[in-house]
Structure formats: structure tokens, C-alpha cells
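S.K.: Sharing a structure, written as C-alpha cells. Questions coming.
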There are 2 protein chains.
Amino acid sequence: MKTWSQQTREEGKTLGLVPTMGYLHEGHLSLAHKSLSTCDRTVVSIFVNPKQFGPNEDLDTYPRDLESDRLELERLGVDALFLPTSEDMYPEEFQTYVHVEEITDKLCGESRRELFRGVTTLVLKLFHIVKPYSAFFGEKDRQQLEVIRKMVDDLNLDIQIVGLPIVREPDGLAMSSRNQYLGNTERKTAKSLNEALQKAQQLIAQGESSAETIRSRIRTIIEREGQAQVDYISVCDPKRFEELEEIQGKTMIALAVHVGKARLIDNCLIERI
Amino acid sequence: MKTWSQQTREEGKTLGLVPTMGYLHEGHLSLAHKSLSTCDRTVVSIFVNPKQFGPNEDLDTYPRDLESDRLELERLGVDALFLPTSEDMYPEEFQTYVHVEEITDKLCGESRRELFRGVTTLVLKLFHIVKPYSAFFGEKDRQQLEVIRKMVDDLNLDIQIVGLPIVREPDGLAMSSRNQYLGNTERKTAKSLNEALQKAQQLIAQGESSAETIRSRIRTIIEREGQAQVDYISVCDPKRFEELEEIQGKTMIALAVHVGKARLIDNCLIERI
């Protein structure tokens, strides 16, 4: 991978990187498509990163379908597929971690302590190996996107971080590799995440400015379905993820909800002026 | 700095980096000299890194003499001097740290908890800014050298890390910017670190293989002078810094001793076959 990247750079070509855990859906493909249309060459990496799963999480059952992923990426015209093994990335004596503090304590970092340290460590390794000009991430994981931006700034990396909008199923459910864990009735519950975000946006557009009212309305919509177990419902500022009282200026509404075996997340950004 | 480095690389020139905290002595200059003789261009950075000082350490009193340093480096023919400010390196919202675990718990890491996380974070930032082909470090800080090598390996960096031998004063004291803290009688005590290492090497050459005997002989020599307060005396393997019982194969002997206001370190590598 390093040799190919080095050669690409020496030819004066710009390189785009799309880091993924595979089992690709339209969200991933939109990232690859953006890279293909803005960079000379595109690398997609597929690596189910053990360092970002907690001890009781779904590392072993995380869905994989390399053959289908490979065909999709070939069809799109991606130039290289990077498929490191766990042993490649984390040899036995591996002991170096990159950690963005503060903003990783909130939201997903609060219930998934291992998550962001694992993400930033892997992403920095990928950056060093691929040395991309741009790297593409989905806004479904908006906290992850901001954590990576912060790492890039703090560590003086010259990589353009591009965030792209959430891609949704026809019924509004944000695309996720974990959606395949959902049974039929769970799927109905899952839909309520987006419905709740839509309702929240509508209420704010109509003048509601109390964050607590919004949180409570979202909770009501999600818990109506019965099968949902809320991890968090957040109305916060979109850079530091500090909970707000009054909704004003740029605001993020973010949710994490367990539905059956799946932990689903969704979010939206609003600006109230 | 980034622009200059980028330009140098585009000209196909190799770049050597010598990271320092300034107040340069012959040890630093030997690193710069090696870089000048093996790389096309040499950058020396001077930055007293606040992140590697503990709350009760000597950050505020650490010696500085930029004008003298600049003249020395000019005389040597160094191509660029990089002088970032604390605000450049650690703006207000800075929150990203690189940490090599395990091997940083031992030796200097045990008594200076902040040290290595601060060193690796800064050095990685310097690597990203300067993007050197080689970087040069002194073996006086042999644990630091190994920690940096581990970071480079674990994070897939393409930088050659070069360690160079300790440079000593005529009386054997390892050169250090902190030696200037020493008064005349303290200086006599300070000399005993190297004397103890010499004695240890001699005993081992004569057949002594008990690490505990060596530690105890070193302690006796150092404490003889009265003004010394031992932080650690270590006989360990030189990669993981685990204490040995039996001296066999490659072994590191390392000391840290407080003498007056100065905390002095010294070490040697031996191989017993």
C-alpha cells in the first residue's frame, strides 16, 4: 500500500482515502463517489478495527461480505482496495495510542469508552500508510468526524477531512451496516429515530427553543414503539458536544438507541437564528 | 516550516531533523553534525516543551540561550532553525495526545508521569510539520529513543530514527543542559554516575552476573558523595526495560539521580555472552 501511494504521489496525483469497516452500503459508496470525483486516485480501506469495539460489543458478529464489497468498488472505479489484517495493524507488541480528550467523553464516547481512541489510532495509522490528500467520512458519525478533524488540527496533519451527508433508506432510516441486525418489527422501531429528528426540527422551526422540551419529545416518539432502549438523546453544540439549555445558533441533535441487537445512531444539524 | 520542508522534498532532497529544547551542548551538536553529514538538508528545532514537564518540575527555570544556540548552528551550517511558540504548538483547545504504553511506565516514566506522553505528542507533531527522512536523538535519553522508535513502528511512520552515543565532559559527566544547575561540590557528586557505570561494566566483565549486586554497588558509589538522592538504579533489558535478576545478553544499566536542583540521568548498554 505504501509503495503504491508513494508512486501515486510522485506522479503528482492527488489521493483520496475512504476508511470503512466494509459491508458497504450507499452511505459508503457516496464517500467513494465523492473521492472519485474530486481526487485523481481513490483508495478504500476495509478493516473491522478491533480497537474500537468494547469487550461486550459486536466485533465477532460484525457483518462482513468482502466479495460483494470488492465487486461494488470495482464497478465504481475505485483504484485500490486496502485490506490489512489485524496482525498487520496491531502486531503483538503494539502499544501506541492516539487519543483526543474532552470531546470524546461525550455522546458515543460516554457509553463506548474504547471507541474513539481506537478510531483515532487506526485512522492515524491509515493516514501514515496511505498519505492521502483528502479523507472522506460520513456525517452519521458526526462526533467521529469532529474527533478526526480535531486530531488532524492538533497533530498538524495536512489532510483535508471531508464530511458527507447521511444517506437514508426510503423510510428514512440512516444507512448502517448494523441495520441488518434488525428484524421486521425492530425495523419499524428503528424508523422512529429519524421521525423523532424530523419532529424536533419541525418544533424548533415553529419556535421551540427549550432543549429539554426537544429531548423529551424525542424520547416520547422513540419509546412509543416499545422495543427501543435509549442510550442518549442530546441537544448540544456541534463542536464540543456540550448539552444546551436554550437552542440558539448552530445546534446538533443526536441520538443513540438500542433496538434489539443493534445500537443505532442518527443526528441532524440545525441553525436557529 | 511546512512550506520550506515541502519545497525541500519536492527538490528531491533528504531532510534530517534534530529536535531539541535548546541550550545546546556538544551532545546536541553531534546530532546536528550527523544529520549534516548524512542528509541533504538539516533542520534543528528548539522548543522547551511544556507538555513534558510535570507540575513541580523545572519548566520555568529550564536554561535558555537562543542567541548562542543560533550562532552555533549557523557556524555548523544547519539549514533551518525551527522555533515554534507554545501557542503555535498547543493552541487553547488542544486536546490530542499520543501515548506509548507499557515501556513508558518504567524508569523515567515511573517518576515523571507526564514526560513521555509529552515527548511523543510533540515529536509526532514535529514529524508531521517537518516530514523528515531521518530524525536524530541522543542515547543519554535511551528510554526516550526507544519510545520514539516504538511510536514510529506502531504508527507506520516512514522516518529513520538515529540514536547517537552520549557525549561526555572531560571528567565523564554526561552532557546535559541541566548540568548548569550544579554547584562545584554537586559537580563532584554528579561525576559519580559515570564512575558507577564504569565500575559496573568492569565487574560484569570480571564475571559478575547478579543484577542485584550491580545495583547495590552502583548505589554505594553514588551515595558515598552524600548529596545524591537516587531516583532509580536499573539493570534491565534494553527494549522493554524490565528489571533483570541475571545479567545475560544485551543489558542496559540506567540511573536517575537528583543532585541539588538537577535530576541527572546516565546509562550504558552492555552485552554479556
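Lettering and numbering for the C-alpha cells are positional, with chains as A, B, ... in the shown order, residues counted from 1 in each chain, and ligands counted from 1 in the shown order.
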I'd like the superposed chain B, fitted onto chain A by least squares over all Cα atoms in order, as a short mmCIF file (atom, residue, chain, number, x, y, z; two decimals) with C-alpha atoms, in the first residue's frame.
M.R.:
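What ended up in result29.cif:
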```cif
data_model
loop_
_atom_site.label_atom_id
_atom_site.label_comp_id
_atom_site.auth_asym_id
_atom_site.auth_seq_id
_atom_site.Cartn_x
_atom_site.Cartn_y
_atom_site.Cartn_z
CA MET B 1 0.00 0.00 0.00
CA LYS B 2 2.82 2.41 0.93
CA THR B 3 4.64 1.74 -2.31
CA TRP B 4 1.56 2.32 -4.43
CA SER B 5 0.68 5.53 -2.54
CA GLN B 6 4.23 6.83 -2.78
CA GLN B 7 4.26 6.20 -6.51
CA THR B 8 0.91 7.93 -6.95
CA ARG B 9 2.19 11.01 -5.10
CA GLU B 10 5.38 11.02 -7.13
CA GLU B 11 3.27 11.10 -10.27
CA GLY B 12 1.76 14.30 -8.86
CA LYS B 13 -1.66 12.72 -8.45
CA THR B 14 -3.98 13.56 -5.54
CA LEU B 15 -5.12 10.63 -3.45
CA GLY B 16 -8.46 10.23 -1.70
CA LEU B 17 -8.96 7.77 1.17
CA VAL B 18 -12.27 6.29 2.28
CA PRO B 19 -11.73 4.32 5.51
CA THR B 20 -14.50 1.76 6.15
CA MET B 21 -15.24 -1.40 8.12
CA GLY B 22 -16.76 -2.97 4.99
CA TYR B 23 -20.25 -4.43 4.41
CA LEU B 24 -20.65 -1.39 2.22
CA HIS B 25 -23.95 0.44 1.77
CA GLU B 26 -24.97 3.53 -0.20
CA GLY B 27 -23.49 5.77 2.52
CA HIS B 28 -20.00 4.33 1.99
CA LEU B 29 -20.45 4.40 -1.77
CA SER B 30 -21.35 8.10 -1.66
CA LEU B 31 -17.97 8.71 0.03
CA ALA B 32 -16.13 6.71 -2.62
CA HIS B 33 -18.07 8.51 -5.33
CA LYS B 34 -17.08 11.90 -3.90
CA SER B 35 -13.45 10.86 -3.69
CA LEU B 36 -13.51 9.60 -7.28
CA SER B 37 -14.97 12.87 -8.49
CA THR B 38 -12.56 15.14 -6.56
CA CYS B 39 -9.25 13.21 -6.38
CA ASP B 40 -7.10 11.64 -9.10
CA ARG B 41 -6.94 8.28 -7.34
CA THR B 42 -9.13 6.68 -4.68
CA VAL B 43 -8.25 4.11 -2.03
CA VAL B 44 -10.97 2.41 0.00
CA SER B 45 -9.80 0.58 3.10
CA ILE B 46 -11.81 -2.20 4.69
CA PHE B 47 -10.76 -3.14 8.19
CA VAL B 48 -13.01 -4.19 11.07
CA ASN B 49 -10.95 -2.42 13.70
CA PRO B 50 -10.84 -4.49 16.91
CA LYS B 51 -9.52 -1.50 18.89
CA GLN B 52 -12.78 0.38 18.51
CA PHE B 53 -14.99 -2.35 19.93
CA GLY B 54 -15.61 -2.74 23.65
CA PRO B 55 -15.35 -6.16 25.34
CA ASN B 56 -19.11 -6.77 25.13
CA GLU B 57 -19.66 -5.31 21.70
CA ASP B 58 -20.27 -6.92 18.31
CA LEU B 59 -16.71 -7.37 16.97
CA ASP B 60 -17.19 -11.09 16.29
CA THR B 61 -20.58 -10.75 14.66
CA TYR B 62 -19.95 -7.51 12.75
CA PRO B 63 -21.21 -8.23 9.22
CA ARG B 64 -18.66 -8.95 6.51
CA ASP B 65 -19.02 -9.59 2.78
CA LEU B 66 -15.73 -8.92 1.11
CA GLU B 67 -16.66 -10.38 -2.28
CA SER B 68 -19.71 -8.18 -2.66
CA ASP B 69 -17.75 -5.12 -1.41
CA ARG B 70 -14.99 -5.76 -3.90
CA LEU B 71 -17.43 -6.00 -6.80
CA GLU B 72 -19.18 -2.77 -5.83
CA LEU B 73 -15.90 -0.86 -5.58
CA GLU B 74 -14.66 -2.26 -8.87
CA ARG B 75 -17.91 -1.23 -10.52
CA LEU B 76 -17.48 2.31 -9.13
CA GLY B 77 -13.93 2.51 -10.48
CA VAL B 78 -12.06 2.70 -7.17
CA ASP B 79 -8.31 2.42 -7.82
CA ALA B 80 -7.17 0.44 -4.80
CA LEU B 81 -8.71 -1.61 -2.03
CA PHE B 82 -6.61 -1.76 1.15
CA LEU B 83 -7.28 -4.87 3.23
CA PRO B 84 -4.87 -5.06 6.15
CA THR B 85 -5.19 -7.87 8.67
CA SER B 86 -5.37 -7.34 12.44
CA GLU B 87 -1.84 -8.73 12.69
CA ASP B 88 -0.64 -6.15 10.14
CA MET B 89 -2.17 -3.28 12.05
CA TYR B 90 -1.64 -4.46 15.62
CA PRO B 91 1.35 -6.77 15.90
CA GLU B 92 1.83 -8.48 19.25
CA GLU B 93 3.83 -5.71 20.95
CA PHE B 94 1.65 -2.86 19.69
CA GLN B 95 1.28 -0.22 22.42
CA THR B 96 0.86 3.26 20.89
CA TYR B 97 -2.46 5.09 21.02
CA VAL B 98 -3.71 8.45 19.85
CA HIS B 99 -6.40 9.97 21.97
CA VAL B 100 -8.43 13.13 21.52
CA GLU B 101 -9.56 14.08 25.02
CA GLU B 102 -12.59 16.10 26.20
CA ILE B 103 -14.84 15.86 23.12
CA THR B 104 -14.55 12.06 23.25
CA ASP B 105 -16.06 11.92 26.76
CA LYS B 106 -19.47 12.93 25.49
CA LEU B 107 -22.25 11.18 23.51
CA CYS B 108 -20.98 7.90 22.00
CA GLY B 109 -17.73 8.19 23.97
CA GLU B 110 -19.61 8.08 27.25
CA SER B 111 -21.18 4.67 26.65
CA ARG B 112 -18.41 3.31 24.39
CA ARG B 113 -15.19 4.08 26.23
CA GLU B 114 -12.95 2.23 23.77
CA LEU B 115 -14.47 3.70 20.66
CA PHE B 116 -12.72 6.94 19.81
CA ARG B 117 -9.23 6.03 20.96
CA GLY B 118 -9.50 3.00 18.68
CA VAL B 119 -10.82 5.10 15.79
CA THR B 120 -8.16 7.83 16.01
CA THR B 121 -5.33 5.33 16.42
CA LEU B 122 -6.42 3.38 13.36
CA VAL B 123 -7.20 6.44 11.25
CA LEU B 124 -3.81 7.98 12.02
CA LYS B 125 -2.11 4.72 11.01
CA LEU B 126 -4.10 4.70 7.76
CA PHE B 127 -3.12 8.33 7.16
CA HIS B 128 0.55 7.46 7.63
CA ILE B 129 0.31 4.45 5.32
CA VAL B 130 -1.81 5.97 2.54
CA LYS B 131 -0.79 9.64 2.98
CA PRO B 132 -3.97 10.88 1.31
CA TYR B 133 -4.68 14.41 0.18
CA SER B 134 -8.32 14.05 1.30
CA ALA B 135 -10.15 11.59 3.51
CA PHE B 136 -13.91 11.06 3.45
CA PHE B 137 -16.21 10.30 6.40
CA GLY B 138 -19.97 10.14 6.80
CA GLU B 139 -21.91 12.61 8.91
CA LYS B 140 -23.91 9.79 10.49
CA ASP B 141 -20.90 9.51 12.78
CA ARG B 142 -20.70 13.27 13.24
CA GLN B 143 -18.88 13.03 16.55
CA GLN B 144 -16.28 10.75 14.94
CA LEU B 145 -15.93 13.26 12.09
CA GLU B 146 -15.27 16.11 14.54
CA VAL B 147 -12.86 13.98 16.58
CA ILE B 148 -10.87 13.22 13.43
CA ARG B 149 -10.88 16.89 12.42
CA LYS B 150 -9.56 17.77 15.89
CA MET B 151 -6.82 15.15 15.65
CA VAL B 152 -5.77 16.44 12.24
CA ASP B 153 -5.62 20.03 13.53
CA ASP B 154 -3.88 19.21 16.80
CA LEU B 155 -1.27 16.96 15.20
CA ASN B 156 -0.53 19.31 12.27
CA LEU B 157 -1.56 16.85 9.57
CA ASP B 158 -2.03 18.15 6.01
CA ILE B 159 -5.12 16.16 5.16
CA GLN B 160 -8.41 17.61 4.04
CA ILE B 161 -11.21 15.96 6.01
CA VAL B 162 -14.46 15.82 4.04
CA GLY B 163 -17.76 15.02 5.77
CA LEU B 164 -20.70 13.90 3.64
CA PRO B 165 -24.43 13.83 4.39
CA ILE B 166 -26.23 10.83 5.86
CA VAL B 167 -27.70 8.54 3.21
CA ARG B 168 -31.09 7.14 4.22
CA GLU B 169 -33.30 4.20 3.33
CA PRO B 170 -36.59 5.11 1.60
CA ASP B 171 -38.33 5.01 5.02
CA GLY B 172 -35.80 7.48 6.48
CA LEU B 173 -33.63 5.06 8.48
CA ALA B 174 -29.97 6.15 8.30
CA MET B 175 -27.95 3.56 6.39
CA SER B 176 -25.70 1.45 8.61
CA SER B 177 -24.02 -1.92 8.29
CA ARG B 178 -25.69 -2.74 11.61
CA ASN B 179 -29.21 -2.30 10.21
CA GLN B 180 -29.05 -5.91 9.06
CA TYR B 181 -29.29 -6.95 12.72
CA LEU B 182 -32.89 -5.64 12.71
CA GLY B 183 -35.92 -7.92 12.46
CA ASN B 184 -39.17 -6.68 10.87
CA THR B 185 -40.80 -5.17 13.94
CA GLU B 186 -37.45 -3.78 15.15
CA ARG B 187 -37.10 -2.12 11.79
CA LYS B 188 -40.33 -0.22 12.46
CA THR B 189 -38.92 0.97 15.79
CA ALA B 190 -35.64 1.95 14.11
CA LYS B 191 -37.51 4.26 11.75
CA SER B 192 -38.61 6.32 14.75
CA LEU B 193 -35.09 7.79 15.20
CA ASN B 194 -35.39 9.77 12.01
CA GLU B 195 -39.07 10.53 12.66
CA ALA B 196 -38.11 11.98 16.04
CA LEU B 197 -35.36 14.13 14.48
CA GLN B 198 -37.83 15.38 11.85
CA LYS B 199 -40.35 16.24 14.54
CA ALA B 200 -37.68 18.05 16.59
CA GLN B 201 -36.66 20.14 13.59
CA GLN B 202 -40.29 21.00 12.94
CA LEU B 203 -40.86 22.09 16.55
CA ILE B 204 -37.76 24.26 16.52
CA ALA B 205 -38.79 25.81 13.21
CA GLN B 206 -42.11 26.63 14.89
CA GLY B 207 -40.29 28.47 17.67
CA GLU B 208 -39.50 25.91 20.36
CA SER B 209 -36.19 26.88 21.99
CA SER B 210 -36.03 24.68 25.09
CA ALA B 211 -33.53 21.86 24.63
CA GLU B 212 -35.20 19.88 27.40
CA THR B 213 -38.58 20.04 25.67
CA ILE B 214 -36.98 18.76 22.48
CA ARG B 215 -35.20 15.91 24.28
CA SER B 216 -38.40 14.89 25.97
CA ARG B 217 -40.47 14.97 22.73
CA ILE B 218 -37.82 12.83 21.02
CA ARG B 219 -37.86 10.35 23.90
CA THR B 220 -41.64 10.05 23.72
CA ILE B 221 -41.58 9.29 20.00
CA ILE B 222 -38.83 6.70 20.32
CA GLU B 223 -40.18 4.95 23.41
CA ARG B 224 -43.66 4.77 21.88
CA GLU B 225 -42.50 1.76 19.87
CA GLY B 226 -41.66 -0.27 22.97
CA GLN B 227 -38.57 -2.11 21.73
CA ALA B 228 -36.21 0.87 21.94
CA GLN B 229 -33.73 1.43 24.74
CA VAL B 230 -32.35 4.95 24.63
CA ASP B 231 -28.59 5.35 25.19
CA TYR B 232 -28.63 9.12 24.80
CA ILE B 233 -30.69 11.94 23.36
CA SER B 234 -28.55 15.02 23.01
CA VAL B 235 -29.21 18.63 22.06
CA CYS B 236 -25.73 20.10 22.07
CA ASP B 237 -23.30 22.42 20.40
CA PRO B 238 -21.83 20.67 17.35
CA LYS B 239 -18.11 21.18 18.14
CA ARG B 240 -17.71 20.43 21.85
CA PHE B 241 -20.90 18.41 22.30
CA GLU B 242 -21.89 20.25 25.44
CA GLU B 243 -25.56 19.96 26.30
CA LEU B 244 -27.58 23.12 25.74
CA GLU B 245 -30.46 24.58 27.73
CA GLU B 246 -31.52 27.11 25.14
CA ILE B 247 -31.37 26.24 21.44
CA GLN B 248 -29.56 29.05 19.68
CA GLY B 249 -27.19 29.25 16.71
CA LYS B 250 -25.73 26.03 15.36
CA THR B 251 -27.09 23.04 17.26
CA MET B 252 -26.74 19.31 16.90
CA ILE B 253 -29.44 16.86 17.82
CA ALA B 254 -28.02 13.38 18.20
CA LEU B 255 -29.39 10.04 19.35
CA ALA B 256 -28.14 6.58 20.14
CA VAL B 257 -30.75 3.89 20.68
CA HIS B 258 -30.51 0.16 21.18
CA VAL B 259 -33.06 -1.74 19.12
CA GLY B 260 -32.67 -5.49 19.56
CA LYS B 261 -29.03 -6.35 18.87
CA ALA B 262 -28.38 -3.11 17.00
CA ARG B 263 -27.16 0.11 18.54
CA LEU B 264 -28.36 2.77 16.11
CA ILE B 265 -27.25 6.39 15.88
CA ASP B 266 -28.63 9.34 13.97
CA ASN B 267 -28.26 13.10 14.10
CA CYS B 268 -29.04 16.38 12.42
CA LEU B 269 -27.59 19.88 12.49
CA ILE B 270 -29.87 22.86 12.73
CA GLU B 271 -29.26 26.57 12.89
CA ARG B 272 -31.66 28.72 14.88
CA ILE B 273 -31.23 32.44 14.33
#
```
S.K.: Mind checking DSSP for range 202-240 of chain A and telling me the helix (DSSP H, G or I) residues as an MDAnalysis selection string?
M.R.: chainID A and resid 202:205 211:223
S.K.: Could you pull out the residues in range 4-225 of chain A that DSSP calls strand (DSSP E) from the backbone, as a ChimeraX atom specification?
M.R.: /A:15-20,41-46,80-82,96-100,134-138,160-164
S.K.: Keeping N, CA, C and O atoms, export the residues of the selection given above as a tab-separated table (two decimals), in the first residue's frame.
M.R.:
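Final output, result-v1.tsv:
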```
chain	number	residue	atom	x	y	z
A	15	LEU	N	-4.62	11.93	-3.90
A	15	LEU	CA	-5.11	10.63	-3.45
A	15	LEU	C	-6.24	10.87	-2.44
A	15	LEU	O	-6.10	11.65	-1.51
A	16	GLY	N	-7.36	10.18	-2.66
A	16	GLY	CA	-8.47	10.24	-1.70
A	16	GLY	C	-8.56	8.91	-0.95
A	16	GLY	O	-8.37	7.85	-1.55
A	17	LEU	N	-8.83	8.99	0.35
A	17	LEU	CA	-8.96	7.77	1.17
A	17	LEU	C	-10.35	7.71	1.77
A	17	LEU	O	-10.84	8.69	2.35
A	18	VAL	N	-10.98	6.54	1.64
A	18	VAL	CA	-12.27	6.29	2.28
A	18	VAL	C	-12.08	5.11	3.24
A	18	VAL	O	-12.08	3.96	2.83
A	19	PRO	N	-11.91	5.40	4.54
A	19	PRO	CA	-11.73	4.32	5.51
A	19	PRO	C	-13.10	3.73	5.88
A	19	PRO	O	-14.02	4.47	6.23
A	20	THR	N	-13.24	2.41	5.80
A	20	THR	CA	-14.51	1.77	6.15
A	20	THR	C	-14.25	0.48	6.94
A	20	THR	O	-13.12	0.01	7.01
A	41	ARG	N	-6.89	9.72	-7.65
A	41	ARG	CA	-6.92	8.29	-7.33
A	41	ARG	C	-7.67	8.10	-6.02
A	41	ARG	O	-7.59	8.96	-5.13
A	42	THR	N	-8.35	6.96	-5.89
A	42	THR	CA	-9.13	6.68	-4.68
A	42	THR	C	-8.77	5.32	-4.10
A	42	THR	O	-8.73	4.32	-4.82
A	43	VAL	N	-8.49	5.33	-2.79
A	43	VAL	CA	-8.25	4.11	-2.03
A	43	VAL	C	-9.41	3.93	-1.06
A	43	VAL	O	-9.75	4.87	-0.33
A	44	VAL	N	-10.01	2.75	-1.04
A	44	VAL	CA	-10.97	2.41	0.00
A	44	VAL	C	-10.30	1.36	0.90
A	44	VAL	O	-9.74	0.38	0.39
A	45	SER	N	-10.32	1.60	2.20
A	45	SER	CA	-9.79	0.58	3.10
A	45	SER	C	-10.97	-0.12	3.78
A	45	SER	O	-11.99	0.51	4.08
A	46	ILE	N	-10.84	-1.42	3.94
A	46	ILE	CA	-11.83	-2.20	4.68
A	46	ILE	C	-11.07	-2.89	5.81
A	46	ILE	O	-10.15	-3.68	5.56
A	80	ALA	N	-7.84	1.42	-5.67
A	80	ALA	CA	-7.17	0.44	-4.81
A	80	ALA	C	-8.04	0.13	-3.60
A	80	ALA	O	-8.73	1.01	-3.06
A	81	LEU	N	-8.01	-1.12	-3.22
A	81	LEU	CA	-8.71	-1.60	-2.03
A	81	LEU	C	-7.63	-2.04	-1.06
A	81	LEU	O	-6.79	-2.87	-1.39
A	82	PHE	N	-7.63	-1.45	0.13
A	82	PHE	CA	-6.60	-1.76	1.13
A	82	PHE	C	-7.24	-2.64	2.19
A	82	PHE	O	-8.20	-2.24	2.84
A	96	THR	N	0.94	1.81	21.09
A	96	THR	CA	0.86	3.26	20.89
A	96	THR	C	-0.56	3.68	20.52
A	96	THR	O	-1.15	3.14	19.59
A	97	TYR	N	-1.09	4.65	21.24
A	97	TYR	CA	-2.47	5.08	21.02
A	97	TYR	C	-2.53	6.60	20.86
A	97	TYR	O	-1.79	7.33	21.52
A	98	VAL	N	-3.44	7.03	20.02
A	98	VAL	CA	-3.70	8.46	19.84
A	98	VAL	C	-5.08	8.72	20.44
A	98	VAL	O	-6.04	8.00	20.13
A	99	HIS	N	-5.15	9.72	21.28
A	99	HIS	CA	-6.40	9.97	21.96
A	99	HIS	C	-6.72	11.46	21.94
A	99	HIS	O	-5.91	12.28	22.34
A	100	VAL	N	-7.91	11.78	21.44
A	100	VAL	CA	-8.43	13.14	21.52
A	100	VAL	C	-9.25	13.19	22.81
A	100	VAL	O	-10.20	12.42	22.97
A	134	SER	N	-7.01	13.91	0.65
A	134	SER	CA	-8.31	14.07	1.29
A	134	SER	C	-8.75	12.74	1.89
A	134	SER	O	-8.40	11.68	1.37
A	135	ALA	N	-9.55	12.81	2.96
A	135	ALA	CA	-10.15	11.59	3.52
A	135	ALA	C	-11.62	11.88	3.77
A	135	ALA	O	-11.99	13.00	4.15
A	136	PHE	N	-12.46	10.88	3.53
A	136	PHE	CA	-13.91	11.06	3.46
A	136	PHE	C	-14.60	10.26	4.56
A	136	PHE	O	-14.35	9.06	4.72
A	137	PHE	N	-15.48	10.93	5.30
A	137	PHE	CA	-16.21	10.31	6.40
A	137	PHE	C	-17.68	10.73	6.35
A	137	PHE	O	-17.99	11.84	5.92
A	138	GLY	N	-18.54	9.84	6.84
A	138	GLY	CA	-19.97	10.14	6.81
A	138	GLY	C	-20.41	10.95	8.02
A	138	GLY	O	-19.88	10.79	9.12
A	160	GLN	N	-7.10	16.98	4.09
A	160	GLN	CA	-8.40	17.62	4.05
A	160	GLN	C	-9.45	16.58	4.47
A	160	GLN	O	-9.56	15.52	3.85
A	161	ILE	N	-10.19	16.88	5.53
A	161	ILE	CA	-11.21	15.95	6.01
A	161	ILE	C	-12.56	16.39	5.45
A	161	ILE	O	-13.00	17.51	5.69
A	162	VAL	N	-13.20	15.50	4.71
A	162	VAL	CA	-14.46	15.83	4.05
A	162	VAL	C	-15.58	15.01	4.71
A	162	VAL	O	-15.50	13.78	4.76
A	163	GLY	N	-16.59	15.70	5.21
A	163	GLY	CA	-17.76	15.02	5.77
A	163	GLY	C	-18.90	15.06	4.77
A	163	GLY	O	-19.13	16.10	4.14
A	164	LEU	N	-19.60	13.95	4.62
A	164	LEU	CA	-20.70	13.91	3.64
A	164	LEU	C	-22.01	13.51	4.31
A	164	LEU	O	-22.02	12.76	5.28
```
